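Input: a single structure, listed below in structure tokens.
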Amino acid sequence: MYRIRFHGRGGQGMKTASRILGTAFFIEAFEVQDAPIYGAERRGAPVFAYVRAGREAINERGAITNPDLVVVADDTLVPVPAAGVLRGVTENTVLIINSVEEPETWRERLNLTGPVVTMPGVKVGDAQEVRFTGVVSAAAAAAVTGVISKTSFEAAIREEIAPLGEAVVDENLKRGVEAFDLTVKNGVSIKEGSTVSAAAYKRPEWIELGFESAAISAPAIHSAATSERMKTGLWRTVRPVIDYDRCNRCWWLCSTFCPDGAISVNKEGFPEIDYEHCKGCMICMAQCPPHAISAEAEHGRKEGGDEA
Amino acid sequence: MKTSETRFKGMRDLPSAHLLGTGTAMCAGCGGLEVLHEIYDILGKKTVFVNAAGCMTLLSIYPFTPFRGSWIYTAMASAPAGAQGVRDALDTLKRKERMKPADDLKVVCLTGDGSAYGMGLSSTSAAIDRGLDFLYICYDNEGYGNTGQQFSAATPHGARTSTSMGPRGFPGSKKDLFSIWAANSPAYAATVAGAEPLDLARKIEKADTAKGPRLILALSPCPVGWGYDPKDSVEIGKLAVKTGIWPLKEYIDGKVVHTKIPKKRLPVEEYLKRQGRFAHLFEPVRKDDILKEIQAGVDAYWEGVEG
Ligand SMILES: Cc1ncc(C[n+]2csc(CCOP(=O)(O)OP(=O)(O)O)c2C)c(N)n1
Ligand code: SF4
Ligand SMILES: [Mg+2]
């Protein structure tokens with residue numbers, strides 16, 4: 001059985017990638033599971049999707065913890081613990097990563113012993129490219145399986161993208177096939193993982209909570225604004241940076257327009273951005289009259305939550 | 001309102017500190033969240049939000065909440081019924097002197113357009129009939145956003161949604177919820193946009209002091225459902241006002257008053273062409289008939305206003 005996991009951010013097409021790949025396997029007469037996993041978070045938050053494909057009935061369920069292939073559509077997710085990109089990766093796991101950095105750099109940085117390749121055919125950090133991330137991720141995955149023909153892959157794209165209209169299907173076909181061919185040239189392939197028997201099943205590390213009386217198990221929550229513990233700064237792929245020499249101190253614009261209330265006003269009347277929570281929508285940049293706010297790629301920064 | 005009567009005389013009077021907690025699950029650039037944080041800054045923390053299913057349900061997920069007061073979740077059709085229960089409970093506590101009048105809370109319904117214009121309209125109507133003292137905030141993103149932007153009764157004519165994917169988009173037209181409320185003599189009703197925060201602040205101030213059923217209908221540009229870059233949320237909201245598509249008005253003392261009449265309305269195209277949900281009106285072939293229909297609808301509306 002093949003076990004494949006796609007990691008990206010909400011809006012980067014990981015669900016589409018898993019569907020295209022799943023359908024391609026299905027056309028090749030595999031039994032298939034494909035499913036996206038996300039919490040309540042939306043566009044920008046870390047999400048993943050997975051595909052299982054086997055020649056026989058698949059009895060496994062749920063998220064994949066022993067992947068044969070991990071596809072990372074956004075390399076800023078690697079250092080984010082919540083994203084779980086490296087979960088269950090072994091020397092047998094192939095890692096395909098969308099990055100400007102060399103595969104060797106990633107192998108060393110992450111101390112990996114298995115093969116690492118960069119995702120072919122998408123320009124990293126180009127906003128226009130985001131809409132192709134899904135199809136390119138699916139293409140790279142399909143190509144390294146070695147069991148999906150280009151014809152089946154194309155048919156899968158047609159089937160999954162059809163609702164978006166002919167023009168979108170055509171663009172996706174072009175980009176998908178391009179990425180498929182480039183990946184095949186790379187010569188990397190994955191091996192099918194073995195089936196795990198029920199006897200070998202390891203229970204997740206749940207914390208058992210005993211049954212308590214209502215007064216203990218359902219305490220009144222009186223704390224205000226606990227959502228602040230969620231560091232949505234990790235969603236960001238670009239960060240707004242204020243040039244205080246240019247800032248007119250018209251804080252009532254940026255501070256009011258920021259949907260997340262992540263721009264506060266200091267004593268001198270200058271706006272200050274809370275990078276732990278700013279999601280990088282860039283409304284502040286678009287609305288700033290003297291253009292004092294610019295966009296800086298998060299790329300290459302270690303983690304989203306730190307100060308500028 | 002004369003400017004002398006409002007504490008929001010100019011943009012500088014807008015709140016510079018924000019009450020709504022950061023870290024919510026709403027999308028980057030969500031116009032609904034923008035409007036909610038602007039409103040909450042003015043309403044203050046002595047509020048109970050009664051929330052019907054929709055994107056905003058994801059604000060308060062145990063144990064996390066962006067609010068500084070209470071929040072209760074109801075089924076999609078029943079937020080005003082939930083508000084009635086909360087209002088009654090608070091009144092009972094006061095009557096029995098188990099709560100000081102000073103500790104009273106404002107009851108606020110918070111729902112999307114799917115509830116406000118459609119599923120929940122019946123319970124809204126009943127709450128208005130009973131003269132319930134509550135504020136109803138509808139963040140209008142013109143579709144069922146949370147479930148993938150299917151069309152709702154608030155979807156505008158010609159818009160593409162996941163259930164109107166044809167070459168001509170949504171065949172119906174947007175229901176006039178403001179007029180339904182206004183026709184039933186509410187204590188106050190107003191349309192607002194997050195992109196017009198001063199107009200919004202003055203209206204929330206008025207809604208806050210009135211007693212009885214009150215409506216705040218808030219245009220809420222949705223980058224995901226409408227198809228545009230999140231950074232353009234405010235620009236899209238401004239264009240909705242400048243093209244006359246989203247009239248800013250209020251119902252007060254038995255009259256409808258427009259609070260911001262665009263001097264020279266921009267062509268509706270300026271608004272439509274910025275959004276993916278209207279892209280099929282421009283390519284592969286321009287659909288002049290639909291564009292004219294939309295423009296004619298807006299022109300007819302403003303003719304009625306300007307006389
Ligand atoms: C009776 C009922 N039908 C369907 C649903 C599923 N549902 C959950 S949220 C939602 C969309 C609500 O749309 P809207 O009120 O406009 O809020 P938005 O999602 O746009 O924020 C739907 C249909 C539900 N919760 N209850
Ligand atoms: S889908 Fe639209 S309305 Fe819902 S949270 Fe996202 S941007 Fe806001
Ligand atoms: Mg809606």
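Here, A, B, ... name the chains of the structure tokens in the order displayed, residue numbers run from 1 inside each chain, and ligands are numbered from 1 in the same displayed order.
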
(message) Which residues are near ligand 3 in this structure, taking near to mean any atom at most 9 Å from a ligand atom and counting only C-alpha atoms and all ligand atoms? Format them as a ChimeraX atom specification.
(response) /B:54-55,111-116,138-146,149-152,154-155,220,222

Compile a residue-level contact table for chain B against chain A at a cut-off of 9 Å, reporting for every qualifying residue the shortest atom pair and its distance in Å to one decimal, with only C-alpha atoms counted, rows ordered by chain and ascending number, as a tab-separated table.
residue	atom	partner	partner_atom	distance
B:Met11	CA	A:Trp252	CA	6.2
B:Arg12	CA	A:Trp252	CA	6.2
B:Asp13	CA	A:Trp252	CA	8.3
B:Leu14	CA	A:Trp252	CA	6.5
B:Pro15	CA	A:Trp252	CA	7.8
B:Ser16	CA	A:Val265	CA	6.1
B:Ala17	CA	A:Ser264	CA	6.3
B:His18	CA	A:Gly261	CA	6.1
B:Leu19	CA	A:Gly261	CA	8.1
B:Leu20	CA	A:Ala225	CA	6.9
B:Gly21	CA	A:Ala225	CA	4.7
B:Thr22	CA	A:Glu228	CA	5.1
B:Gly23	CA	A:Met230	CA	4.8
B:Thr24	CA	A:Ser227	CA	6.0
B:Ala25	CA	A:Glu41	CA	4.5
B:Met26	CA	A:Arg42	CA	6.2
B:Cys27	CA	A:Arg43	CA	5.0
B:Ala28	CA	A:Cys281	CA	4.9
B:Gly29	CA	A:Cys281	CA	4.9
B:Cys30	CA	A:Pro259	CA	6.4
B:Gly31	CA	A:Pro259	CA	6.8
B:Gly32	CA	A:Pro259	CA	7.9
B:Leu33	CA	A:Pro259	CA	5.3
B:Glu34	CA	A:Pro259	CA	3.7
B:Val35	CA	A:Pro259	CA	7.4
B:Leu36	CA	A:Pro259	CA	8.3
B:His37	CA	A:Pro259	CA	6.9
B:Glu38	CA	A:Thr256	CA	6.8
B:Leu58	CA	A:Ala40	CA	6.2
B:Leu59	CA	A:Ser227	CA	8.2
B:Ser60	CA	A:Ser227	CA	8.0
B:Ile61	CA	A:Ala40	CA	8.5
B:Pro63	CA	A:Thr226	CA	7.4
B:Phe64	CA	A:Ser227	CA	4.7
B:Thr65	CA	A:Ser227	CA	4.9
B:Pro66	CA	A:Ala225	CA	4.1
B:Phe67	CA	A:Ala225	CA	5.2
B:Arg68	CA	A:Ala224	CA	4.2
B:Gly69	CA	A:Ala224	CA	6.8
B:Ser70	CA	A:His222	CA	8.7
B:Met165	CA	A:Pro163	CA	7.8
B:Gly194	CA	A:Phe257	CA	7.3
B:Ala195	CA	A:Phe257	CA	7.2
B:Pro197	CA	A:Thr256	CA	7.5
B:Val224	CA	A:Arg43	CA	7.9
B:Asp229	CA	A:Cys281	CA	8.3
B:Pro230	CA	A:Cys281	CA	5.3
B:Lys231	CA	A:Ile283	CA	4.1
B:Asp232	CA	A:Ile283	CA	6.4
B:Ser233	CA	A:Ile283	CA	6.9
B:Val234	CA	A:Ile283	CA	7.0
B:Glu235	CA	A:Gln287	CA	7.9

Expected file: the selected residues, N, CA and C atoms, as a compact mmCIF listing (two decimals), in the first residue's frame:
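Heads up, here's the output in part38.txt:
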# COMPACT_ATOMS: atom_id res chain seq x y z
N MET B 11 -12.27 60.67 12.34
CA MET B 11 -11.60 59.37 12.37
C MET B 11 -10.73 59.20 13.62
N ARG B 12 -10.18 60.31 14.12
CA ARG B 12 -9.31 60.23 15.30
C ARG B 12 -10.05 59.77 16.54
N ASP B 13 -11.37 59.87 16.49
CA ASP B 13 -12.15 59.46 17.66
C ASP B 13 -12.45 57.96 17.66
N LEU B 14 -12.05 57.27 16.61
CA LEU B 14 -12.28 55.82 16.58
C LEU B 14 -11.44 55.16 17.66
N PRO B 15 -11.88 54.02 18.17
CA PRO B 15 -11.12 53.36 19.24
C PRO B 15 -9.71 52.98 18.78
N SER B 16 -8.71 53.29 19.62
CA SER B 16 -7.35 52.93 19.24
C SER B 16 -6.90 51.65 19.95
N ALA B 17 -7.70 51.17 20.89
CA ALA B 17 -7.41 49.88 21.52
C ALA B 17 -8.55 48.94 21.16
N HIS B 18 -8.23 47.68 20.97
CA HIS B 18 -9.24 46.76 20.46
C HIS B 18 -9.60 45.67 21.46
N LEU B 19 -10.90 45.41 21.52
CA LEU B 19 -11.41 44.48 22.53
C LEU B 19 -11.39 43.03 22.08
N LEU B 20 -11.69 42.81 20.79
CA LEU B 20 -11.81 41.44 20.31
C LEU B 20 -10.43 40.79 20.30
N GLY B 21 -10.33 39.61 20.87
CA GLY B 21 -9.04 38.95 20.94
C GLY B 21 -8.51 38.57 19.57
N THR B 22 -7.17 38.56 19.44
CA THR B 22 -6.55 38.07 18.21
C THR B 22 -6.56 36.54 18.25
N GLY B 23 -6.04 35.91 17.21
CA GLY B 23 -5.87 34.46 17.23
C GLY B 23 -7.12 33.67 16.84
N THR B 24 -8.07 34.33 16.17
CA THR B 24 -9.27 33.61 15.76
C THR B 24 -9.00 32.78 14.50
N ALA B 25 -9.95 31.91 14.21
CA ALA B 25 -9.79 31.01 13.07
C ALA B 25 -10.27 31.62 11.75
N MET B 26 -10.75 32.87 11.76
CA MET B 26 -11.25 33.45 10.51
C MET B 26 -10.10 33.59 9.50
N CYS B 27 -10.47 33.56 8.20
CA CYS B 27 -9.46 33.68 7.14
C CYS B 27 -8.70 35.00 7.25
N ALA B 28 -7.47 35.00 6.74
CA ALA B 28 -6.73 36.25 6.60
C ALA B 28 -7.52 37.17 5.68
N GLY B 29 -7.74 38.40 6.14
CA GLY B 29 -8.45 39.38 5.30
C GLY B 29 -9.96 39.26 5.35
N CYS B 30 -10.50 38.55 6.33
CA CYS B 30 -11.96 38.35 6.43
C CYS B 30 -12.67 39.68 6.72
N GLY B 31 -13.54 40.11 5.81
CA GLY B 31 -14.28 41.36 5.99
C GLY B 31 -15.29 41.26 7.13
N GLY B 32 -15.78 40.06 7.40
CA GLY B 32 -16.73 39.86 8.50
C GLY B 32 -16.07 40.09 9.85
N LEU B 33 -14.83 39.60 9.97
CA LEU B 33 -14.11 39.78 11.23
C LEU B 33 -13.77 41.25 11.43
N GLU B 34 -13.42 41.92 10.33
CA GLU B 34 -13.10 43.35 10.42
C GLU B 34 -14.29 44.13 10.99
N VAL B 35 -15.46 43.85 10.45
CA VAL B 35 -16.65 44.57 10.88
C VAL B 35 -16.99 44.22 12.34
N LEU B 36 -16.82 42.97 12.69
CA LEU B 36 -17.13 42.57 14.06
C LEU B 36 -16.19 43.27 15.06
N HIS B 37 -14.91 43.35 14.72
CA HIS B 37 -14.00 43.98 15.69
C HIS B 37 -14.29 45.48 15.81
N GLU B 38 -14.67 46.10 14.69
CA GLU B 38 -15.02 47.52 14.76
C GLU B 38 -16.28 47.72 15.62
N LEU B 58 -16.85 29.65 14.45
CA LEU B 58 -15.50 29.19 14.73
C LEU B 58 -14.72 30.17 15.60
N LEU B 59 -15.35 31.30 15.95
CA LEU B 59 -14.67 32.25 16.82
C LEU B 59 -14.44 31.64 18.20
N SER B 60 -15.50 31.06 18.72
CA SER B 60 -15.45 30.55 20.09
C SER B 60 -15.44 29.04 20.07
N ILE B 61 -14.25 28.49 20.08
CA ILE B 61 -14.15 27.04 20.14
C ILE B 61 -13.46 26.70 21.45
N PRO B 63 -11.34 25.61 24.38
CA PRO B 63 -11.49 26.63 25.43
C PRO B 63 -11.09 28.03 24.96
N PHE B 64 -11.13 28.28 23.67
CA PHE B 64 -10.68 29.57 23.18
C PHE B 64 -11.84 30.47 22.78
N THR B 65 -11.74 31.73 23.12
CA THR B 65 -12.74 32.70 22.69
C THR B 65 -12.08 34.05 22.53
N PRO B 66 -12.47 34.82 21.52
CA PRO B 66 -11.92 36.17 21.37
C PRO B 66 -12.73 37.19 22.17
N PHE B 67 -13.86 36.74 22.72
CA PHE B 67 -14.73 37.69 23.43
C PHE B 67 -14.28 37.88 24.87
N ARG B 68 -14.75 38.96 25.46
CA ARG B 68 -14.46 39.22 26.87
C ARG B 68 -15.71 39.03 27.71
N GLY B 69 -16.75 38.55 27.05
CA GLY B 69 -17.99 38.25 27.73
C GLY B 69 -18.52 36.94 27.19
N SER B 70 -19.82 36.74 27.31
CA SER B 70 -20.39 35.44 26.98
C SER B 70 -20.75 35.29 25.51
N MET B 165 -22.79 27.89 -10.84
CA MET B 165 -21.53 27.85 -11.60
C MET B 165 -21.76 28.09 -13.09
N GLY B 194 -17.35 47.78 6.86
CA GLY B 194 -16.10 47.89 7.63
C GLY B 194 -15.17 48.92 7.01
N ALA B 195 -15.31 49.12 5.69
CA ALA B 195 -14.44 50.06 4.98
C ALA B 195 -14.83 51.51 5.27
N PRO B 197 -15.48 53.09 8.54
CA PRO B 197 -15.56 52.90 9.99
C PRO B 197 -16.19 54.04 10.77
N VAL B 224 -12.22 34.60 0.12
CA VAL B 224 -12.32 33.22 -0.37
C VAL B 224 -13.56 33.04 -1.24
N ASP B 229 -7.71 38.96 -3.76
CA ASP B 229 -6.60 38.90 -2.83
C ASP B 229 -7.01 39.50 -1.48
N PRO B 230 -6.70 38.84 -0.35
CA PRO B 230 -7.12 39.34 0.96
C PRO B 230 -6.80 40.81 1.21
N LYS B 231 -5.71 41.30 0.63
CA LYS B 231 -5.34 42.69 0.91
C LYS B 231 -6.36 43.69 0.35
N ASP B 232 -7.19 43.23 -0.58
CA ASP B 232 -8.16 44.12 -1.22
C ASP B 232 -9.50 44.22 -0.51
N SER B 233 -9.64 43.57 0.63
CA SER B 233 -10.94 43.55 1.33
C SER B 233 -11.52 44.94 1.55
N VAL B 234 -10.69 45.87 1.99
CA VAL B 234 -11.21 47.20 2.29
C VAL B 234 -11.52 47.95 1.00
N GLU B 235 -10.65 47.78 0.01
CA GLU B 235 -10.86 48.43 -1.29
C GLU B 235 -12.20 47.98 -1.90

(request) Skip B:Trp246 itself and residues of its chain fewer than 6 positions away, then list as a PyMOL selection string all residues within 10 Å of it, counting only C-alpha atoms. (result) chain B and resi 191-193+218-219+237-240+298

(request) Give me, please, the distance in Å between atom CA of B:Thr147 and atom CA of A:Asp74, quoted to one decimal. (result)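 Straight-line distance from atom CA of B:Thr147 to atom CA of A:Asp74 works out to 25.1 Å.
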
(request) Go ahead and compute the interatomic distance for atom CA of A:Arg107 and atom CA of A:Val144, in Å to one decimal. (result)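 These two atoms are separated by 18.4 Å.
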
(request) Would you please extract all helix (DSSP H, G or I) residues from stretch 71-267 of chain A, as assigned by DSSP on the backbone, and give them as a VMD selection string? (result) chain A and resid 75 to 77 81 to 83 103 to 110 127 to 145 150 to 164 166 to 186 198 to 200 214 to 217 226 to 229 232 to 235 251 to 257

(request) Please identify which residues in stretch 45-276 of chain A DSSP calls strand (DSSP E or B) from the backbone, and express them as an MDAnalysis selection string. (result) chainID A and resid 46:54 69:72 94:97 116:118 238:242 263:265 271:273
